[in-house]
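Below is input.cif, holding mmCIF, C-alpha atoms and all ligand atoms.
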```
data_input
loop_
_atom_site.label_atom_id
_atom_site.label_comp_id
_atom_site.auth_asym_id
_atom_site.auth_seq_id
_atom_site.Cartn_x
_atom_site.Cartn_y
_atom_site.Cartn_z
CA MET A 50 7.98 2.91 -23.39
CA ASP A 51 10.28 0.09 -22.39
CA HIS A 52 13.82 -1.09 -22.93
CA PHE A 53 13.12 -4.40 -24.67
CA SER A 54 13.91 -4.01 -28.34
CA TYR A 55 15.30 -5.84 -31.36
CA LYS A 56 18.76 -4.70 -32.46
CA ASN A 57 20.73 -6.37 -35.22
CA GLY A 58 17.98 -8.93 -35.52
CA GLU A 59 17.87 -10.09 -31.93
CA LEU A 60 16.09 -9.15 -28.71
CA TYR A 61 17.90 -7.03 -26.18
CA CYS A 62 16.96 -6.00 -22.70
CA GLU A 63 18.67 -2.61 -22.42
CA SER A 64 22.17 -3.45 -23.73
CA VAL A 65 22.15 -7.18 -22.94
CA PRO A 66 21.07 -9.80 -25.52
CA ALA A 67 18.24 -12.00 -24.24
CA GLU A 68 20.02 -15.03 -25.71
CA ARG A 69 23.07 -14.36 -23.54
CA ILE A 70 20.96 -14.33 -20.37
CA ALA A 71 19.16 -17.53 -21.39
CA ARG A 72 22.48 -19.24 -22.15
CA GLU A 73 24.09 -18.22 -18.89
CA VAL A 74 21.13 -18.48 -16.49
CA GLY A 75 18.98 -21.07 -18.23
CA THR A 76 15.24 -20.97 -18.87
CA PRO A 77 12.54 -20.22 -17.89
CA THR A 78 13.78 -16.90 -16.56
CA TYR A 79 12.12 -13.60 -15.80
CA VAL A 80 14.18 -10.66 -17.04
CA TYR A 81 13.51 -7.17 -15.72
CA SER A 82 14.81 -3.86 -17.00
CA LYS A 83 15.88 -1.42 -14.29
CA ALA A 84 15.56 1.60 -16.58
CA THR A 85 12.01 0.63 -17.54
CA LEU A 86 11.00 0.05 -13.94
CA LEU A 87 12.30 3.39 -12.71
CA HIS A 88 11.00 5.23 -15.77
CA HIS A 89 7.47 4.09 -14.98
CA TYR A 90 7.74 4.87 -11.30
CA HIS A 91 8.92 8.41 -12.05
CA GLN A 92 6.29 8.81 -14.74
CA VAL A 93 3.54 8.12 -12.18
CA ALA A 94 5.17 10.26 -9.49
CA ASP A 95 5.71 13.18 -11.89
CA ALA A 96 2.22 12.96 -13.37
CA PHE A 97 0.63 13.31 -9.96
CA ALA A 98 3.27 15.67 -8.51
CA PRO A 99 0.91 18.67 -8.86
CA VAL A 100 -1.15 17.17 -6.01
CA LYS A 101 1.97 15.85 -4.23
CA ALA A 102 0.61 12.31 -4.39
CA THR A 103 2.20 9.58 -2.30
CA ILE A 104 2.97 6.60 -4.52
CA CYS A 105 2.65 3.24 -2.79
CA TYR A 106 3.83 0.46 -5.09
CA SER A 107 1.46 -2.48 -4.96
CA ILE A 108 3.95 -5.11 -3.93
CA LYS A 109 1.65 -7.99 -4.89
CA SER A 110 2.40 -7.32 -8.55
CA CYS A 111 6.10 -8.21 -8.24
CA GLY A 112 7.67 -8.53 -4.84
CA ASN A 113 11.29 -9.33 -5.63
CA LEU A 114 13.37 -7.69 -2.90
CA HIS A 115 15.83 -6.16 -5.32
CA ILE A 116 13.06 -4.57 -7.36
CA CYS A 117 11.33 -3.29 -4.24
CA ARG A 118 14.61 -1.91 -2.95
CA LEU A 119 15.14 0.08 -6.16
CA LEU A 120 11.68 1.57 -5.76
CA ALA A 121 12.16 2.30 -2.06
CA GLU A 122 15.45 4.06 -2.86
CA ALA A 123 13.60 6.14 -5.46
CA GLY A 124 11.26 7.32 -2.68
CA CYS A 125 8.35 4.98 -3.32
CA GLY A 126 6.10 3.66 -0.55
CA PHE A 127 4.30 0.30 -0.52
CA ASP A 128 0.78 -1.05 -0.61
CA VAL A 129 0.71 -4.42 1.17
CA THR A 130 -2.05 -6.98 1.65
CA SER A 131 -0.57 -9.57 3.98
CA GLY A 132 1.91 -10.05 6.76
CA GLY A 133 4.27 -11.56 4.22
CA GLU A 134 4.05 -8.52 2.00
CA LEU A 135 4.66 -6.23 4.96
CA PHE A 136 7.73 -8.29 5.87
CA ARG A 137 8.95 -8.03 2.28
CA ALA A 138 8.35 -4.27 2.05
CA LEU A 139 10.32 -3.68 5.25
CA ARG A 140 13.10 -6.06 4.23
CA ALA A 141 13.41 -4.11 0.97
CA GLY A 142 13.94 -0.88 2.89
CA GLY A 143 10.38 0.44 2.76
CA LYS A 144 9.72 3.11 5.37
CA PRO A 145 6.90 2.13 7.76
CA ASP A 146 5.31 5.58 7.49
CA GLN A 147 5.00 5.03 3.72
CA ILE A 148 3.30 1.65 4.01
CA ILE A 149 -0.45 1.15 3.78
CA TYR A 150 -2.12 -2.14 4.48
CA ALA A 151 -5.24 -3.30 2.56
CA GLY A 152 -7.09 -6.60 2.34
CA VAL A 153 -10.47 -8.00 3.41
CA GLY A 154 -9.09 -10.61 5.77
CA LYS A 155 -6.34 -9.27 7.98
CA THR A 156 -5.67 -11.67 10.86
CA ASP A 157 -5.20 -10.50 14.44
CA GLN A 158 -1.51 -11.32 14.23
CA GLU A 159 -1.11 -9.39 10.99
CA ILE A 160 -2.88 -6.36 12.49
CA ALA A 161 -0.72 -6.51 15.60
CA ASP A 162 2.47 -6.80 13.56
CA ALA A 163 1.48 -3.82 11.41
CA LEU A 164 0.72 -1.75 14.52
CA GLU A 165 4.03 -2.75 16.07
CA THR A 166 5.81 -1.70 12.86
CA GLY A 167 4.07 1.67 12.86
CA ILE A 168 2.66 1.59 9.32
CA ALA A 169 1.05 4.74 7.93
CA ALA A 170 -2.49 3.39 7.77
CA PHE A 171 -4.82 0.45 7.36
CA ASN A 172 -7.20 0.46 4.43
CA ILE A 173 -10.18 -1.04 6.21
CA GLU A 174 -12.76 -3.08 4.36
CA SER A 175 -15.64 -3.77 6.79
CA GLU A 176 -17.29 -2.72 10.02
CA ALA A 177 -16.12 -5.94 11.67
CA GLU A 178 -12.54 -5.10 10.76
CA ILE A 179 -12.87 -1.59 12.19
CA GLU A 180 -13.95 -3.07 15.51
CA ASN A 181 -11.14 -5.60 15.46
CA ILE A 182 -8.38 -3.09 14.70
CA ASP A 183 -9.72 -0.79 17.43
CA ARG A 184 -9.73 -3.69 19.89
CA ILE A 185 -6.21 -4.89 19.06
CA ALA A 186 -4.77 -1.36 19.12
CA GLY A 187 -6.39 -0.90 22.55
CA GLN A 188 -4.80 -4.08 23.87
CA MET A 189 -1.43 -2.92 22.62
CA GLY A 190 -1.81 0.61 23.94
CA LYS A 191 -1.45 1.98 20.42
CA ARG A 192 -3.50 4.36 18.35
CA ALA A 193 -4.20 3.02 14.86
CA VAL A 194 -4.91 5.13 11.81
CA GLY A 195 -7.16 3.96 9.02
CA ALA A 196 -9.05 4.74 5.85
CA ILE A 197 -12.37 3.21 4.90
CA ARG A 198 -12.28 1.43 1.58
CA ILE A 199 -15.41 2.42 -0.23
CA ASN A 200 -16.91 0.54 -3.08
CA PRO A 201 -17.85 3.29 -5.55
CA ASP A 202 -19.94 0.96 -7.73
CA VAL A 203 -18.34 1.82 -11.05
CA ASP A 204 -17.62 -0.66 -13.80
CA PRO A 205 -13.91 -0.72 -14.69
CA LYS A 206 -14.69 -2.85 -17.77
CA THR A 207 -12.06 -5.41 -17.01
CA HIS A 208 -12.01 -9.16 -16.39
CA VAL A 209 -14.63 -10.37 -13.93
CA LYS A 210 -11.89 -11.86 -11.73
CA THR A 211 -10.13 -8.52 -11.37
CA THR A 212 -13.17 -6.26 -11.04
CA THR A 213 -13.27 -4.89 -7.51
CA GLY A 214 -15.14 -1.59 -7.42
CA LYS A 215 -18.65 -2.81 -8.21
CA LYS A 216 -21.36 -3.67 -5.72
CA GLU A 217 -21.48 -7.34 -4.80
CA THR A 218 -17.72 -7.77 -4.78
CA LYS A 219 -16.19 -8.66 -1.43
CA PHE A 220 -14.20 -5.43 -1.33
CA GLY A 221 -14.83 -2.30 0.69
CA VAL A 222 -18.01 -0.78 2.07
CA ASP A 223 -20.83 0.24 -0.29
CA ILE A 224 -20.56 3.95 -0.94
CA ASP A 225 -24.16 4.55 0.13
CA ARG A 226 -23.39 2.91 3.49
CA ALA A 227 -20.11 4.76 3.97
CA GLU A 228 -21.54 7.85 5.63
CA ARG A 229 -23.30 5.74 8.21
CA VAL A 230 -20.09 3.82 8.89
CA PHE A 231 -18.16 7.05 9.46
CA GLU A 232 -20.91 8.22 11.86
CA GLN A 233 -21.08 4.91 13.70
CA PHE A 234 -17.32 4.76 14.30
CA ARG A 235 -16.78 8.45 14.87
CA ASN A 236 -15.30 8.30 18.31
CA LEU A 237 -13.29 5.14 18.59
CA LYS A 238 -10.74 5.15 21.35
CA ASN A 239 -7.90 3.42 19.59
CA LEU A 240 -8.53 3.90 15.88
CA ARG A 241 -8.69 7.20 14.08
CA ILE A 242 -10.52 6.89 10.76
CA ALA A 243 -9.23 9.75 8.66
CA GLY A 244 -9.03 8.59 5.05
CA LEU A 245 -10.97 7.21 2.15
CA HIS A 246 -9.67 4.42 -0.06
CA LEU A 247 -10.88 2.93 -3.32
CA HIS A 248 -9.57 0.57 -5.96
CA ILE A 249 -11.88 -0.12 -8.87
CA GLY A 250 -10.13 -2.99 -10.65
CA SER A 251 -7.13 -3.96 -12.70
CA PRO A 252 -6.19 -3.47 -15.50
CA VAL A 253 -8.37 -0.45 -16.31
CA TYR A 254 -8.02 0.85 -19.86
CA GLU A 255 -10.48 3.72 -19.66
CA ILE A 256 -10.36 7.05 -17.87
CA GLN A 257 -14.05 7.46 -17.23
CA PRO A 258 -14.39 4.80 -14.48
CA TYR A 259 -11.65 6.63 -12.52
CA VAL A 260 -13.31 9.98 -13.10
CA ASP A 261 -16.64 8.56 -11.92
CA ALA A 262 -15.11 6.93 -8.86
CA VAL A 263 -13.11 10.00 -7.86
CA THR A 264 -16.11 12.26 -8.39
CA LYS A 265 -18.17 10.07 -6.09
CA ALA A 266 -15.36 9.90 -3.52
CA THR A 267 -14.72 13.66 -3.40
CA LYS A 268 -18.46 14.29 -3.07
CA LEU A 269 -18.59 11.87 -0.17
CA ILE A 270 -15.62 13.58 1.47
CA ASP A 271 -17.36 16.97 1.11
CA GLU A 272 -20.40 15.53 2.83
CA LEU A 273 -18.33 13.91 5.57
CA THR A 274 -16.46 17.17 6.13
CA ARG A 275 -19.79 19.03 6.40
CA ARG A 276 -20.74 16.59 9.12
CA GLY A 277 -17.58 17.34 11.04
CA HIS A 278 -15.34 14.43 10.01
CA ARG A 279 -11.73 15.30 9.28
CA ILE A 280 -10.63 13.48 6.13
CA GLU A 281 -6.88 13.75 5.68
CA TRP A 282 -6.26 11.67 2.59
CA LEU A 283 -7.87 10.00 -0.40
CA ASP A 284 -6.22 6.85 -1.78
CA LEU A 285 -7.21 6.13 -5.38
CA GLY A 286 -5.81 2.59 -5.50
CA GLY A 287 -4.10 1.21 -8.59
CA GLY A 288 -5.23 -0.40 -11.82
CA PHE A 289 -3.62 1.67 -14.59
CA ALA A 290 -3.30 -0.63 -17.58
CA VAL A 291 -0.25 -1.43 -19.72
CA ASN A 292 0.25 -2.45 -23.35
CA TYR A 293 -0.28 -6.16 -23.72
CA LYS A 294 -1.59 -6.21 -27.28
CA HIS A 295 -0.63 -3.00 -29.04
CA PRO A 296 1.93 -0.26 -28.47
CA ASP A 297 -0.84 2.21 -27.67
CA GLN A 298 -3.45 -0.02 -26.13
CA ALA A 299 -3.09 1.60 -22.71
CA LEU A 300 -3.11 5.28 -21.94
CA PRO A 301 0.03 6.77 -20.49
CA VAL A 302 -0.51 7.67 -16.86
CA THR A 303 -0.15 11.32 -17.83
CA GLU A 304 -3.56 11.05 -19.52
CA HIS A 305 -5.15 9.69 -16.36
CA ALA A 306 -3.52 12.51 -14.43
CA LYS A 307 -4.82 15.09 -16.89
CA ALA A 308 -8.38 13.91 -16.25
CA LEU A 309 -8.04 13.44 -12.51
CA LEU A 310 -5.92 16.41 -11.41
CA PRO A 311 -8.72 18.97 -11.95
CA LEU A 312 -10.87 16.89 -9.59
CA LEU A 313 -8.13 16.72 -6.96
CA LYS A 314 -6.28 20.02 -7.08
CA GLY A 315 -6.72 22.36 -4.15
CA LYS A 316 -8.38 19.75 -1.95
CA PRO A 317 -7.50 20.02 1.72
CA TYR A 318 -6.52 16.34 1.88
CA ARG A 319 -3.57 14.32 0.59
CA ILE A 320 -3.70 11.96 -2.37
CA ALA A 321 -2.23 8.45 -2.55
CA LEU A 322 -1.97 5.96 -5.41
CA GLU A 323 -1.21 2.24 -5.42
CA PRO A 324 0.03 1.30 -8.89
CA GLY A 325 1.59 -2.11 -9.41
CA ARG A 326 1.16 -3.20 -13.01
CA TYR A 327 1.89 0.23 -14.45
CA ILE A 328 5.29 0.31 -12.76
CA VAL A 329 6.47 -3.24 -13.34
CA GLY A 330 4.26 -4.76 -16.08
CA ASN A 331 6.29 -3.72 -19.08
CA ALA A 332 9.52 -3.88 -17.13
CA GLY A 333 9.64 -7.68 -17.27
CA ILE A 334 9.60 -10.51 -19.81
CA LEU A 335 9.68 -14.27 -19.44
CA LEU A 336 12.27 -16.17 -21.48
CA SER A 337 11.58 -19.77 -22.40
CA ARG A 338 12.98 -22.31 -24.85
CA VAL A 339 11.10 -24.49 -27.30
CA LEU A 340 11.28 -28.11 -26.19
CA TYR A 341 9.21 -29.86 -28.86
CA ARG A 342 6.72 -29.36 -31.63
CA LYS A 343 3.75 -31.61 -32.26
CA THR A 344 0.41 -31.72 -34.00
CA GLY A 345 -2.93 -32.87 -32.64
CA GLY A 346 -5.97 -32.90 -34.92
CA ASN A 347 -5.76 -29.69 -36.88
CA LYS A 348 -3.69 -28.02 -34.22
CA ARG A 349 -0.01 -27.34 -34.01
CA PHE A 350 1.58 -27.11 -30.61
CA VAL A 351 4.83 -25.49 -29.63
CA ILE A 352 5.81 -26.96 -26.29
CA ILE A 353 8.07 -24.71 -24.27
CA ASP A 354 9.84 -25.00 -20.91
CA ALA A 355 7.68 -22.34 -19.24
CA ALA A 356 4.20 -23.27 -18.09
CA MET A 357 1.09 -22.08 -16.29
CA ASN A 358 2.95 -22.40 -12.99
CA ASP A 359 5.35 -19.71 -14.26
CA LEU A 360 2.72 -17.42 -15.80
CA ILE A 361 -0.88 -18.21 -14.96
CA ARG A 362 -2.49 -15.10 -16.44
CA PRO A 363 -3.41 -16.57 -19.85
CA THR A 364 -5.34 -19.48 -18.40
CA LEU A 365 -6.74 -17.64 -15.38
CA TYR A 366 -7.89 -14.43 -17.06
CA ASP A 367 -7.70 -15.27 -20.78
CA SER A 368 -4.92 -12.70 -20.86
CA TYR A 369 -2.97 -11.96 -23.99
CA HIS A 370 0.83 -11.78 -23.81
CA PHE A 371 2.75 -10.97 -26.95
CA ILE A 372 5.20 -13.82 -27.68
CA TRP A 373 7.97 -13.72 -30.26
CA PRO A 374 11.30 -15.44 -30.91
CA ALA A 375 14.31 -13.67 -29.42
CA LYS A 376 16.19 -14.30 -32.68
CA PRO A 377 13.55 -14.29 -35.42
CA SER A 378 14.41 -15.22 -38.98
CA ALA A 379 15.29 -12.36 -41.29
CA GLY A 380 12.11 -10.53 -42.25
CA ASN A 381 10.41 -11.37 -38.98
CA VAL A 382 12.06 -8.82 -36.74
CA PRO A 383 9.05 -7.00 -35.29
CA ALA A 384 8.92 -3.24 -35.75
CA SER A 385 6.53 -3.12 -32.81
CA ARG A 386 4.83 -5.62 -30.54
CA ASP A 387 1.38 -5.88 -31.98
CA SER A 388 -1.17 -8.69 -31.76
CA ASP A 389 -1.94 -8.16 -35.46
CA LEU A 390 1.60 -9.01 -36.47
CA VAL A 391 1.80 -11.94 -38.88
CA ALA A 392 5.09 -13.68 -39.63
CA THR A 393 6.31 -14.09 -43.18
CA ASP A 394 7.06 -17.82 -42.78
CA GLY A 395 4.49 -18.15 -40.05
CA GLU A 396 2.17 -20.76 -38.62
CA THR A 397 -0.70 -20.67 -36.16
CA VAL A 398 0.12 -22.53 -32.97
CA ASP A 399 -0.82 -23.04 -29.36
CA VAL A 400 2.15 -22.24 -27.15
CA VAL A 401 1.90 -24.69 -24.27
CA GLY A 402 3.91 -25.83 -21.27
CA PRO A 403 4.76 -29.27 -19.86
CA ILE A 404 2.08 -29.30 -17.14
CA CYS A 405 -0.57 -32.00 -17.09
CA GLU A 406 -3.58 -29.74 -17.66
CA SER A 407 -5.16 -28.62 -20.88
CA GLY A 408 -5.32 -25.14 -19.33
CA ASP A 409 -1.54 -25.04 -19.46
CA TYR A 410 -0.98 -22.62 -22.30
CA LEU A 411 0.62 -19.23 -22.75
CA ALA A 412 -1.04 -18.52 -26.10
CA LYS A 413 -3.81 -20.07 -28.17
CA ASP A 414 -4.19 -19.97 -31.96
CA ARG A 415 -1.28 -17.59 -32.20
CA PRO A 416 0.36 -16.65 -35.51
CA LEU A 417 4.09 -16.96 -34.90
CA PRO A 418 7.21 -17.34 -37.00
CA LYS A 419 8.11 -21.00 -37.36
CA THR A 420 10.17 -22.14 -34.38
CA GLU A 421 12.39 -25.14 -33.79
CA ARG A 422 13.55 -27.04 -30.75
CA GLY A 423 16.02 -24.87 -28.81
CA ASP A 424 14.68 -21.54 -30.08
CA LEU A 425 14.30 -18.89 -27.44
CA LEU A 426 10.89 -17.23 -27.05
CA ALA A 427 10.13 -14.06 -25.15
CA VAL A 428 6.79 -13.62 -23.43
CA PHE A 429 6.37 -9.88 -23.06
CA THR A 430 4.71 -7.67 -20.45
CA ALA A 431 5.16 -10.37 -17.84
CA GLY A 432 6.65 -8.23 -15.07
CA ALA A 433 3.40 -7.80 -13.15
CA TYR A 434 1.57 -10.81 -11.70
CA GLY A 435 4.00 -13.09 -13.50
CA PHE A 436 6.56 -14.44 -11.07
CA ALA A 437 4.36 -13.12 -8.24
CA MET A 438 1.63 -15.64 -9.09
CA SER A 439 3.94 -18.49 -9.94
CA SER A 440 3.81 -21.78 -8.06
CA ASN A 441 5.50 -25.14 -7.77
CA TYR A 442 2.63 -27.02 -9.40
CA ASN A 443 3.79 -30.29 -10.96
CA ASN A 444 6.83 -29.85 -8.71
CA ARG A 445 8.41 -27.41 -11.05
CA PRO A 446 11.09 -25.30 -9.38
CA ARG A 447 10.23 -21.65 -9.85
CA ALA A 448 12.02 -19.61 -12.48
CA ALA A 449 15.10 -17.48 -11.97
CA GLU A 450 14.78 -13.68 -11.95
CA VAL A 451 17.37 -11.40 -13.50
CA LEU A 452 17.68 -7.62 -13.46
CA VAL A 453 19.38 -5.84 -16.33
CA ASP A 454 21.05 -2.50 -15.77
CA GLY A 455 22.61 -1.14 -18.96
CA GLU A 456 25.29 -3.54 -20.16
CA ASN A 457 25.14 -5.69 -17.04
CA TYR A 458 22.72 -8.07 -15.46
CA ARG A 459 22.50 -9.75 -12.10
CA LEU A 460 20.61 -12.70 -10.74
CA ILE A 461 18.07 -11.27 -8.29
CA ARG A 462 16.50 -14.66 -7.52
CA ARG A 463 18.22 -17.91 -8.20
CA ARG A 464 16.33 -20.71 -9.88
CA GLU A 465 14.76 -22.96 -7.27
CA THR A 466 16.24 -26.43 -6.81
CA TYR A 467 14.61 -29.78 -6.13
CA GLU A 468 15.81 -29.45 -2.54
CA ASP A 469 13.87 -26.16 -2.29
CA LEU A 470 10.75 -28.07 -3.30
CA VAL A 471 10.85 -30.25 -0.19
CA ALA A 472 12.69 -27.95 2.21
CA ALA A 473 9.64 -27.08 4.36
CA GLU A 474 8.32 -30.63 4.62
CA ASN A 475 8.79 -33.23 7.37
CA VAL A 476 8.99 -36.90 6.65
N1 LIG B 1 -4.53 -1.64 -4.74
C1 LIG B 1 -5.36 -2.63 -4.43
C2 LIG B 1 -6.21 -2.50 -3.25
C3 LIG B 1 -5.40 -3.79 -5.22
O1 LIG B 1 -6.22 -4.78 -4.90
C4 LIG B 1 -4.56 -3.89 -6.35
C5 LIG B 1 -4.57 -5.07 -7.20
C6 LIG B 1 -3.70 -2.81 -6.64
C7 LIG B 1 -3.71 -1.70 -5.82
C8 LIG B 1 -2.74 -2.83 -7.80
O2 LIG B 1 -3.35 -2.91 -9.03
P1 LIG B 1 -2.46 -2.68 -10.34
O3 LIG B 1 -2.00 -1.25 -10.33
O4 LIG B 1 -1.33 -3.62 -10.29
O5 LIG B 1 -3.37 -2.95 -11.47
N2 LIG B 1 -3.57 -10.86 -10.86
C9 LIG B 1 -4.32 -9.96 -11.70
C10 LIG B 1 -4.44 -8.59 -11.10
C11 LIG B 1 -5.01 -8.60 -9.71
C12 LIG B 1 -5.01 -7.24 -9.09
C13 LIG B 1 -5.32 -7.33 -7.63
N3 LIG B 1 -5.30 -6.08 -6.97
C14 LIG B 1 -3.67 -9.92 -13.07
O6 LIG B 1 -2.71 -10.63 -13.30
O7 LIG B 1 -4.15 -9.21 -13.95
#
```

Any chance you could give the structure as structure tokens?
Amino acid sequence: MDHFSYKNGELYCESVPAERIAREVGTPTYVYSKATLLHHYHQVADAFAPVKATICYSIKSCGNLHICRLLAEAGCGFDVTSGGELFRALRAGGKPDQIIYAGVGKTDQEIADALETGIAAFNIESEAEIENIDRIAGQMGKRAVGAIRINPDVDPKTHVKTTTGKKETKFGVDIDRAERVFEQFRNLKNLRIAGLHLHIGSPVYEIQPYVDAVTKATKLIDELTRRGHRIEWLDLGGGFAVNYKHPDQALPVTEHAKALLPLLKGKPYRIALEPGRYIVGNAGILLSRVLYRKTGGNKRFVIIDAAMNDLIRPTLYDSYHFIWPAKPSAGNVPASRDSDLVATDGETVDVVGPICESGDYLAKDRPLPKTERGDLLAVFTAGAYGFAMSSNYNNRPRAAEVLVDGENYRLIRRRETYEDLVAAENV
């Protein structure tokens, strides 16, 4: 469910026409729907309410302060992976005791800052990190709290670059080593290890990898408890997929909950989740205008004013994003966003950006309605890891971000200027 739909032949975000935003703010622009964002947050929170799960939004997916503030106000916590993300979460109004900090390479300064802030817990990824957090907490006269990130060795069946829960990835501690780690670091002076964390990958379209991972984790906790360890929470990470290709490509989170709640209910420890994509993925689109058309060999290219620096997912992960004109010709108004959709007056094109790399494309061999210079295209399901992974490559100022709320919209990040491009540099 989202609030991007075609009414009277043109694309609306909630009650605002996409064309109006593009005209007034320019392109490329990310457009987010407040109602969609909050709907997905509440859907996750409600689905896991029977186990009173703490939801920590994975801020890496889309860190805009305004968006984070809306989530914080709704009661959401944050999953951060850097000092910058911690700064952002706090600036957005995140409560320190609802912030968890993951990542394989936390620096001493980042650890110290997180301790100073009083975050809820570190998700710790190695023995060396355990020792370092204990040492720094000792120096500061603080007592740190942490969870061990285990690597449950399940296959999430997702892209190799976003698979994290299998052996031989850099993440976490192998599950068969975890017991020994808990034993070895049982009595640290300045760090209390009291949780278990896992994150198997992203996006995950199937339920079974979660069921397998949670089954392994709860078994491990039972064993740890038998050995006298007190485990106070289990953090299941994020990864719930969204609909990129078809309206029912991804399972609603309620289905995941249905499968996982029986494994979690009645446990004497708390449950946490770290969804990013599920909350913000379908809450954002990228608007871009057609600059030129050209042919090359047998190929037709539609050159648009958004590029791989704005949305790198297609070239980095071979990701599919549904793309369609905001004002399609009559007969081409899509009933649903489906990769099988073929336009009546269509053509097969590569949708490419202005960057000097052949990897600069947003779609390859894509059947689209015929478009002309100046037409507005919408790239859907771009809310997660869209703006967040954007860069200034080719010295392109980063896109504007807009949030729609009913009949109104506001600029929540202005378009960068050329001055912004050089602002941090010294000559
Ligand atoms: N927790 C941890 C420890 C993570 O590493 C991640 C994502 C999440 C939670 C949130 O996962 P989500 O619910 O958003 O799927 N850039 C890639 C995705 C990378 C995910 C990295 N970790 C993409 O565009 O598909």

For chain A against ligand LIG 1 (chain B), with a cut-off of 9 Å and counting all atoms listed in the file, what is the closest atom pair and its distance in Å to one decimal for every residue that makes the cut, ordered by chain and number, as CSV?
```
residue,atom,partner,partner_atom,distance
A:Cys105,CA,B:LIG1,C7,8.6
A:Tyr106,CA,B:LIG1,C8,7.8
A:Ser107,CA,B:LIG1,C8,5.1
A:Ile108,CA,B:LIG1,C8,8.1
A:Lys109,CA,B:LIG1,C5,7.2
A:Ser110,CA,B:LIG1,O4,5.5
A:Cys111,CA,B:LIG1,O4,9.0
A:Asp128,CA,B:LIG1,N1,6.8
A:Val129,CA,B:LIG1,N1,8.4
A:Thr130,CA,B:LIG1,C2,7.8
A:Tyr150,CA,B:LIG1,C2,8.8
A:Ala151,CA,B:LIG1,C2,5.9
A:Gly152,CA,B:LIG1,C2,7.0
A:Asn172,CA,B:LIG1,C2,8.3
A:Arg198,CA,B:LIG1,C2,8.7
A:His208,CA,B:LIG1,O7,8.2
A:Lys210,CA,B:LIG1,C9,7.8
A:Thr211,CA,B:LIG1,C11,5.4
A:Thr212,CA,B:LIG1,C12,8.4
A:Thr213,CA,B:LIG1,O1,7.5
A:Phe220,CA,B:LIG1,C2,8.7
A:His246,CA,B:LIG1,C2,8.4
A:Leu247,CA,B:LIG1,C2,7.2
A:His248,CA,B:LIG1,C2,5.3
A:Ile249,CA,B:LIG1,C1,8.3
A:Gly250,CA,B:LIG1,O5,6.8
A:Ser251,CA,B:LIG1,O5,4.1
A:Pro252,CA,B:LIG1,O5,4.9
A:Val253,CA,B:LIG1,O5,7.4
A:Leu285,CA,B:LIG1,N1,8.2
A:Gly286,CA,B:LIG1,N1,4.5
A:Gly287,CA,B:LIG1,O3,3.7
A:Gly288,CA,B:LIG1,O5,3.2
A:Phe289,CA,B:LIG1,O3,5.4
A:Ala290,CA,B:LIG1,O5,6.5
A:Val291,CA,B:LIG1,O5,9.0
A:Leu322,CA,B:LIG1,C7,7.9
A:Glu323,CA,B:LIG1,C7,4.7
A:Pro324,CA,B:LIG1,O3,3.6
A:Gly325,CA,B:LIG1,O4,3.4
A:Arg326,CA,B:LIG1,O4,3.7
A:Tyr327,CA,B:LIG1,O3,5.9
A:Ile328,CA,B:LIG1,O3,7.8
A:Val329,CA,B:LIG1,O4,8.4
A:Gly330,CA,B:LIG1,O4,8.1
A:Ile361,CA,B:LIG1,O6,8.0
A:Arg362,CA,B:LIG1,O6,5.5
A:Pro363,CA,B:LIG1,O6,8.9
A:Leu365,CA,B:LIG1,O6,8.3
A:Tyr366,CA,B:LIG1,O7,7.1
A:Ser368,CA,B:LIG1,O7,7.8
A:Ala433,CA,B:LIG1,O6,6.7
A:Tyr434,CA,B:LIG1,O6,4.6
A:Gly435,CA,B:LIG1,O6,7.1
A:Ala437,CA,B:LIG1,N2,8.7
A:Met438,CA,B:LIG1,N2,7.3
```

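Non-sequential neighbours of segment 222-237 of chain A (distance at most 9 Å, separation of 5 or more positions within a chain, only C-alpha atoms) are Ile173, Glu174, Ser175, Glu176, Ile179, Glu180, Asp183, Ile197, Arg198, Ile199, Asn200, Pro201, Asp202, Lys215, Lys216, Glu217, Ile242, Lys265, Ala266, Leu269, Glu272, Leu273, Arg276 and His278 of chain A.
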
Given 6 Å of margin on each side, can you work out the centre and size in Å (one decimal) of an axis-aligned box holding every listed atom of segment 261-279 of chain A, as AutoDock Vina command-line options?
```
--center_x -16.2 --center_y 13.0 --center_z -0.4 --size_x 21.0 --size_y 24.1 --size_z 35.0
```

Handout entry: Pick from A:Arg192, A:His305, A:Arg342, A:Arg349 nearest to Ile256 of chain A, counting all atoms listed in the file
Key =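 Looking at the shortest contact to Ile256 of chain A, the residue is A:His305.
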
Handout entry: Between atom CA of Leu309 of chain A and atom CA of Tyr369 of chain A - distance in Å to one decimal
Key =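 Separation between atom CA of Tyr369 of chain A and atom CA of Leu309 of chain A: 28.3 Å.
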
Problem - Cut-off 12 Å around (11.1, 5.0, -26.7) with all atoms listed in the file: residues as an NGL selection string - result: :A and (50-54 or 63 or 84-85 or 88 or 296 or 385)

Practice task
Give me, please, the distance in Å between atom CA of Lys376 of chain A and atom CA of Arg462 of chain A, quoted to one decimal.
Solution key: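 A separation of 25.2 Å between them.
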
Return as a tab-separated table the residues of segment 123-212 of chain A lying at most 12 Å from segment 92-95 of chain A, together with the closest atom-to-atom pair for each and the distance in Å to one decimal, counting all atoms listed in the file, with rows in chain order and ascending residue number.
```
residue	atom	partner	partner_atom	distance
A:Ala123	CA	A:Ala94	CA	10.2
A:Gly124	CA	A:Ala94	CA	9.6
A:Cys125	CA	A:Ala94	CA	8.7
A:Gly126	CA	A:Ala94	CA	11.2
```
